[in-house]
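Q: Take a look at the following structure, please.
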Amino acid sequence: MERWKKQLQNSLVSAKQLSEKFDIPMSDVMAIENEFNIKITPYYLSLIKEKGDPIYNQVVPDIRELEDNQLMQDPLAEDRDSPVNNIVHRYPDRCLFLISHVCASYCRFCTRKRKVGDPSKISLRFIDEGIEYINSHNEIRDVILSGGDPLLLGDDKLEYILQKLRQIPHLEILRIGTRVPCFLPHRITAKLVRMLKKYHPLFMNVHFNHPDELTPLAQKALGRLANAGIPLGNQTVLLKGVNDDPQVMKKLMQKLLQARVRPYYIYQADMVFGTEHFRTSVEKGLEIIKALRGWTSGLAVPHFVIDAPGGGGKIPLLPNYLLSMNEDEVVLRNYRGKIYRYTQPGENGKLTVEELLSPELVDELV
Ligand SMILES: *Cc1c(COP(=O)(O)O)cnc(C)c1O
Ligand code: SF4
């Protein structure tokens, strides 16, 4: 049996195992087990150093998941934007295609918490229907394979979908969204990568939330994907008790670049039922961007976004670098907090020195 399958087979999935391993009351774990799926690969489990650390918090259930905090089951209203089973079509030229209902491990903060692990919510029976939808909508030029985790499909099933999609002439790029390089790097076999590279241009977005997740094994898996010419991006969820710290985030982004992964998004945690204990204030995200921009490689700075509740899509947020703007000039603040002025172009493209410089600067000069 392949190593990755063995990992999955030996994953920690039951309340009893968890309760024993981490000394959590059996009744707590059982109550959670009734509501949400639990799964942790032996590999990811081995990264836990102690109870309550950033790795532990992401995958070990917490009784607070059952608190009624008025959060939502489908905060992004994905069901509303789903024209056929398995497709979420919200933006003009691209869509999500959910092709797997399982993940290598289950994140306690997952946006699709009520869906993952449930074969009736994301079903392989509807794959052909999804392909047909994309085929008949020629405005779609970018498809994002998601789930669940697409890389938990066997090579053959995944290749069936990729080659069907590649036959659609208006489809320009394919993307795969996956947390497998983080939870189960063993899945990135030479054989898988040889298959994937037949379907270029193929992009992959991976999901790392903490620098300790970039182990030598994970780095090796990412290196294999990069060597196959697959441009790698990373999506991070901002989570209390995991990565709500500018220094931790900086280290994460720098380690990702070393593994040839370009940080793409930091998400403000969605308003998902049972995840209140993970949410940070929005200011925390802005503080993190402020601590990155200018202080380290621009390549290490992702976009900080809120996926708007109710299905408005991703909205980028920036610390306030633009202090004022009118037709004459723009007043800017740099990463160190110093103020700079940029003069707008004049109507005739020709400006006198007096016009070029802001009044205050002219005062300074004369
Ligand atoms: C995130 C998302 C996309 C992709 O957005 P990009 O900004 O292009 O990466 C597409 N569709 C849906 C529904 C999404 O949530
Ligand atoms: S890997 Fe992604 S889809 Fe799966 S549980 Fe984690 S966040 Fe949800």
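Here's how to read the names in the structure tokens: chain A, B, ... by the order shown, residue numbers from 1 in each chain, ligand numbers from 1 in the order shown.
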Using 6 Å as the limit and counting only C-alpha atoms and all ligand atoms, can you tabulate each residue of chain A that touches ligand 2, with its shortest atom-to-atom distance in Å and the two atoms involved, as JSON lines?
A:
{"residue": "A:Cys103", "atom": "CA", "partner": "ligand 2", "partner_atom_place_in_ligand_line": "4 (Fe)", "distance": 4.6}
{"residue": "A:Tyr106", "atom": "CA", "partner": "ligand 2", "partner_atom_place_in_ligand_line": "5 (S)", "distance": 4.0}
{"residue": "A:Cys107", "atom": "CA", "partner": "ligand 2", "partner_atom_place_in_ligand_line": "6 (Fe)", "distance": 4.1}
{"residue": "A:Cys110", "atom": "CA", "partner": "ligand 2", "partner_atom_place_in_ligand_line": "8 (Fe)", "distance": 4.0}
{"residue": "A:Arg112", "atom": "CA", "partner": "ligand 2", "partner_atom_place_in_ligand_line": "8 (Fe)", "distance": 5.8}
{"residue": "A:Gly147", "atom": "CA", "partner": "ligand 2", "partner_atom_place_in_ligand_line": "3 (S)", "distance": 5.7}
{"residue": "A:Gly148", "atom": "CA", "partner": "ligand 2", "partner_atom_place_in_ligand_line": "3 (S)", "distance": 4.4}
{"residue": "A:Asp149", "atom": "CA", "partner": "ligand 2", "partner_atom_place_in_ligand_line": "4 (Fe)", "distance": 5.9}
{"residue": "A:Arg179", "atom": "CA", "partner": "ligand 2", "partner_atom_place_in_ligand_line": "1 (S)", "distance": 4.9}
Q: Put those residues in a file: C-alpha atoms, as a short mmCIF file (atom, residue, chain, number, x, y, z; two decimals), in the first residue's frame.
A:
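Full text of again.cif as output:
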data_model
loop_
_atom_site.label_atom_id
_atom_site.label_comp_id
_atom_site.auth_asym_id
_atom_site.auth_seq_id
_atom_site.Cartn_x
_atom_site.Cartn_y
_atom_site.Cartn_z
CA CYS A 103 -9.86 16.09 3.53
CA TYR A 106 -10.30 18.26 9.34
CA CYS A 107 -9.61 21.87 10.27
CA CYS A 110 -13.32 25.18 8.21
CA ARG A 112 -17.41 24.29 4.83
CA GLY A 147 -13.75 20.41 -1.94
CA GLY A 148 -12.94 18.89 0.47
CA ASP A 149 -9.51 18.23 -0.89
CA ARG A 179 -4.14 21.32 2.09
#
Q: Residues of stretch 191-273 of chain A classed as strand (DSSP E or B) by DSSP on the backbone are to be reported as a CSV table (one decimal) with C-alpha atoms, in the first residue's frame.
A:
chain,number,residue,atom,x,y,z
A,202,LEU,CA,-2.1,24.4,-13.9
A,203,PHE,CA,-1.8,26.5,-10.7
A,204,MET,CA,-1.9,25.2,-7.1
A,205,ASN,CA,-2.9,27.0,-4.0
A,206,VAL,CA,-1.8,25.3,-0.8
A,232,LEU,CA,2.4,27.7,-6.1
A,233,GLY,CA,0.4,30.1,-4.0
A,234,ASN,CA,-0.5,29.9,-0.3
A,235,GLN,CA,-3.7,30.8,1.5
A,236,THR,CA,-3.6,31.4,5.2
A,237,VAL,CA,-6.5,31.8,7.6
A,238,LEU,CA,-5.8,34.3,10.4
A,261,VAL,CA,5.5,29.2,-2.6
A,262,ARG,CA,4.2,32.8,-3.1
A,263,PRO,CA,1.9,34.0,-0.3
A,264,TYR,CA,-1.4,34.8,-1.9
A,265,TYR,CA,-4.1,35.5,0.7
A,266,ILE,CA,-4.5,35.9,4.4
A,267,TYR,CA,-8.2,35.4,5.2
A,268,GLN,CA,-10.0,37.0,8.0
A,272,VAL,CA,-18.8,30.0,10.6
Q: Out of A:Phe273, A:Tyr199, A:Phe97, A:Tyr44, which residue has the shortest atom-to-atom distance to A:Gly229 when counting only C-alpha atoms?
A: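 Looking at the shortest contact to A:Gly229, the residue is A:Tyr199.
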Q: For the contact check between chain A and ligand 1, emit one row per residue of chain A within 10 Å, containing the shortest atom pair and the distance in Å rounded to one decimal, counting only C-alpha atoms and all ligand atoms, chain then rising number order, as a tab-separated table.
A:
residue	atom	partner	partner_atom_place_in_ligand_line	distance
A:Leu76	CA	ligand 1	15 (O)	7.9
A:Ala77	CA	ligand 1	13 (C)	9.4
A:Glu78	CA	ligand 1	13 (C)	6.9
A:Asp81	CA	ligand 1	13 (C)	7.8
A:Ser82	CA	ligand 1	13 (C)	9.1
A:Ile87	CA	ligand 1	13 (C)	8.6
A:Val88	CA	ligand 1	13 (C)	5.3
A:His89	CA	ligand 1	13 (C)	5.8
A:Arg90	CA	ligand 1	13 (C)	5.1
A:Tyr91	CA	ligand 1	11 (N)	5.9
A:Pro92	CA	ligand 1	11 (N)	9.2
A:Asp93	CA	ligand 1	10 (C)	8.8
A:Arg94	CA	ligand 1	10 (C)	5.9
A:Cys95	CA	ligand 1	11 (N)	4.7
A:Leu96	CA	ligand 1	11 (N)	5.1
A:Phe97	CA	ligand 1	11 (N)	8.9
A:Asp142	CA	ligand 1	8 (O)	8.3
A:Val143	CA	ligand 1	10 (C)	8.0
A:Ile144	CA	ligand 1	10 (C)	6.9
A:Leu145	CA	ligand 1	10 (C)	10.0
A:Ser146	CA	ligand 1	14 (C)	9.9
A:Arg175	CA	ligand 1	9 (O)	9.3
A:Gly177	CA	ligand 1	1 (C)	9.9
A:Asn205	CA	ligand 1	9 (O)	9.0
A:Gly233	CA	ligand 1	9 (O)	9.9
A:Gln235	CA	ligand 1	9 (O)	9.6
A:Tyr264	CA	ligand 1	9 (O)	8.4
A:Tyr265	CA	ligand 1	9 (O)	8.4
A:His303	CA	ligand 1	7 (O)	9.8
A:Val305	CA	ligand 1	7 (O)	9.5
A:Asp307	CA	ligand 1	15 (O)	7.4
A:Ala308	CA	ligand 1	15 (O)	9.7
A:Gly311	CA	ligand 1	13 (C)	8.1
A:Gly312	CA	ligand 1	15 (O)	9.3
A:Gly313	CA	ligand 1	15 (O)	6.2
A:Lys314	CA	ligand 1	1 (C)	6.6
A:Ile315	CA	ligand 1	7 (O)	9.1
A:Pro316	CA	ligand 1	7 (O)	9.8
Q: Pick out each residue of stretch 180-297 of chain A that DSSP on the backbone tags as helix (DSSP H, G or I); I need them as a ChimeraX atom specification.
A: /A:180-183,185-187,190-199,211-213,216-227,246-258,276-278,282-292
Q: Could you list, as a JSON list (two decimals) with all heavy atoms, in the first residue's frame, every residue within 10 Å of A:Ala31, counting only C-alpha atoms and ignoring same-chain residues fewer than 2 positions away?
A:
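Listed below is the output, around.json:
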[["chain", "number", "residue", "atom", "x", "y", "z"],
["A", 15, "ALA", "N", -13.52, 9.59, 18.84],
["A", 15, "ALA", "CA", -13.57, 10.31, 20.11],
["A", 15, "ALA", "C", -12.74, 9.59, 21.18],
["A", 15, "ALA", "O", -12.02, 10.22, 21.95],
["A", 15, "ALA", "CB", -15.01, 10.45, 20.56],
["A", 26, "MET", "N", -14.35, 12.41, 27.72],
["A", 26, "MET", "CA", -14.98, 11.60, 26.67],
["A", 26, "MET", "C", -16.31, 12.21, 26.23],
["A", 26, "MET", "O", -16.63, 12.23, 25.03],
["A", 26, "MET", "CB", -15.19, 10.19, 27.24],
["A", 26, "MET", "CG", -15.67, 9.19, 26.24],
["A", 26, "MET", "SD", -14.44, 8.90, 24.94],
["A", 26, "MET", "CE", -15.37, 7.78, 23.92],
["A", 27, "SER", "N", -17.08, 12.75, 27.17],
["A", 27, "SER", "CA", -18.40, 13.29, 26.82],
["A", 27, "SER", "C", -18.26, 14.50, 25.89],
["A", 27, "SER", "O", -19.04, 14.67, 24.96],
["A", 27, "SER", "CB", -19.15, 13.70, 28.09],
["A", 27, "SER", "OG", -18.35, 14.61, 28.83],
["A", 28, "ASP", "N", -17.24, 15.31, 26.11],
["A", 28, "ASP", "CA", -17.00, 16.48, 25.24],
["A", 28, "ASP", "C", -16.72, 16.04, 23.81],
["A", 28, "ASP", "O", -17.35, 16.51, 22.86],
["A", 28, "ASP", "CB", -15.76, 17.28, 25.70],
["A", 28, "ASP", "CG", -16.05, 18.10, 26.95],
["A", 28, "ASP", "OD1", -17.12, 17.85, 27.56],
["A", 28, "ASP", "OD2", -15.22, 18.96, 27.31],
["A", 29, "VAL", "N", -15.76, 15.13, 23.68],
["A", 29, "VAL", "CA", -15.37, 14.71, 22.33],
["A", 29, "VAL", "C", -16.52, 14.02, 21.61],
["A", 29, "VAL", "O", -16.71, 14.18, 20.41],
["A", 29, "VAL", "CB", -14.14, 13.78, 22.34],
["A", 29, "VAL", "CG1", -13.34, 13.94, 21.06],
["A", 29, "VAL", "CG2", -13.24, 14.06, 23.51],
["A", 33, "GLU", "N", -18.12, 14.99, 18.11],
["A", 33, "GLU", "CA", -18.11, 13.96, 17.05],
["A", 33, "GLU", "C", -19.49, 13.81, 16.40],
["A", 33, "GLU", "O", -19.59, 13.51, 15.21],
["A", 33, "GLU", "CB", -17.67, 12.62, 17.66],
["A", 33, "GLU", "CG", -17.28, 11.57, 16.66],
["A", 33, "GLU", "CD", -16.90, 10.26, 17.33],
["A", 33, "GLU", "OE1", -17.53, 9.91, 18.34],
["A", 33, "GLU", "OE2", -15.98, 9.60, 16.84],
["A", 34, "ASN", "N", -20.53, 14.03, 17.19],
["A", 34, "ASN", "CA", -21.88, 13.93, 16.64],
["A", 34, "ASN", "C", -22.17, 15.05, 15.64],
["A", 34, "ASN", "O", -23.03, 14.92, 14.80],
["A", 34, "ASN", "CB", -22.92, 13.99, 17.76],
["A", 34, "ASN", "CG", -22.93, 12.69, 18.55],
["A", 34, "ASN", "OD1", -22.56, 11.65, 18.01],
["A", 34, "ASN", "ND2", -23.34, 12.76, 19.80],
["A", 35, "GLU", "N", -21.49, 16.17, 15.79],
["A", 35, "GLU", "CA", -21.77, 17.34, 14.96],
["A", 35, "GLU", "C", -20.82, 17.47, 13.77],
["A", 35, "GLU", "O", -21.22, 17.81, 12.68],
["A", 35, "GLU", "CB", -21.65, 18.63, 15.81],
["A", 35, "GLU", "CG", -22.74, 18.80, 16.82],
["A", 35, "GLU", "CD", -24.10, 19.06, 16.16],
["A", 35, "GLU", "OE1", -24.15, 19.83, 15.17],
["A", 35, "GLU", "OE2", -25.09, 18.47, 16.62],
["A", 36, "PHE", "N", -19.53, 17.27, 14.04],
["A", 36, "PHE", "CA", -18.52, 17.55, 13.01],
["A", 36, "PHE", "C", -17.56, 16.38, 12.88],
["A", 36, "PHE", "O", -17.32, 15.66, 13.85],
["A", 36, "PHE", "CB", -17.69, 18.80, 13.38],
["A", 36, "PHE", "CG", -18.50, 20.03, 13.63],
["A", 36, "PHE", "CD1", -18.58, 20.57, 14.90],
["A", 36, "PHE", "CD2", -19.17, 20.65, 12.58],
["A", 36, "PHE", "CE1", -19.32, 21.72, 15.13],
["A", 36, "PHE", "CE2", -19.91, 21.80, 12.81],
["A", 36, "PHE", "CZ", -19.99, 22.35, 14.08],
["A", 63, "ILE", "N", -14.61, 21.96, 22.87],
["A", 63, "ILE", "CA", -16.02, 21.97, 23.24],
["A", 63, "ILE", "C", -16.70, 23.29, 22.83],
["A", 63, "ILE", "O", -17.90, 23.36, 22.59],
["A", 63, "ILE", "CB", -16.19, 21.68, 24.76],
["A", 63, "ILE", "CG1", -17.65, 21.37, 25.11],
["A", 63, "ILE", "CG2", -15.64, 22.79, 25.62],
["A", 63, "ILE", "CD1", -18.18, 20.07, 24.51],
["A", 65, "GLU", "N", -16.73, 24.54, 20.09],
["A", 65, "GLU", "CA", -17.33, 24.42, 18.76],
["A", 65, "GLU", "C", -18.85, 24.25, 18.82],
["A", 65, "GLU", "O", -19.54, 24.45, 17.83],
["A", 65, "GLU", "CB", -16.73, 23.19, 18.02],
["A", 65, "GLU", "CG", -15.31, 23.41, 17.60],
["A", 65, "GLU", "CD", -14.68, 22.18, 16.98],
["A", 65, "GLU", "OE1", -15.34, 21.49, 16.20],
["A", 65, "GLU", "OE2", -13.49, 21.90, 17.29],
["A", 66, "LEU", "N", -19.34, 23.87, 20.00],
["A", 66, "LEU", "CA", -20.78, 23.63, 20.12],
["A", 66, "LEU", "C", -21.52, 24.82, 20.70],
["A", 66, "LEU", "O", -22.74, 24.79, 20.86],
["A", 66, "LEU", "CB", -21.02, 22.38, 20.98],
["A", 66, "LEU", "CG", -20.38, 21.11, 20.42],
["A", 66, "LEU", "CD1", -20.60, 19.94, 21.35],
["A", 66, "LEU", "CD2", -20.93, 20.79, 19.04]]
Q: Set the distance at 8 Å and use only C-alpha atoms: which residues neighbour A:Asn86 once local chain neighbours fewer than 6 positions away are removed? I'd like the list as a ChimeraX atom specification.
A: /A:96-99,122-123,126-127,130
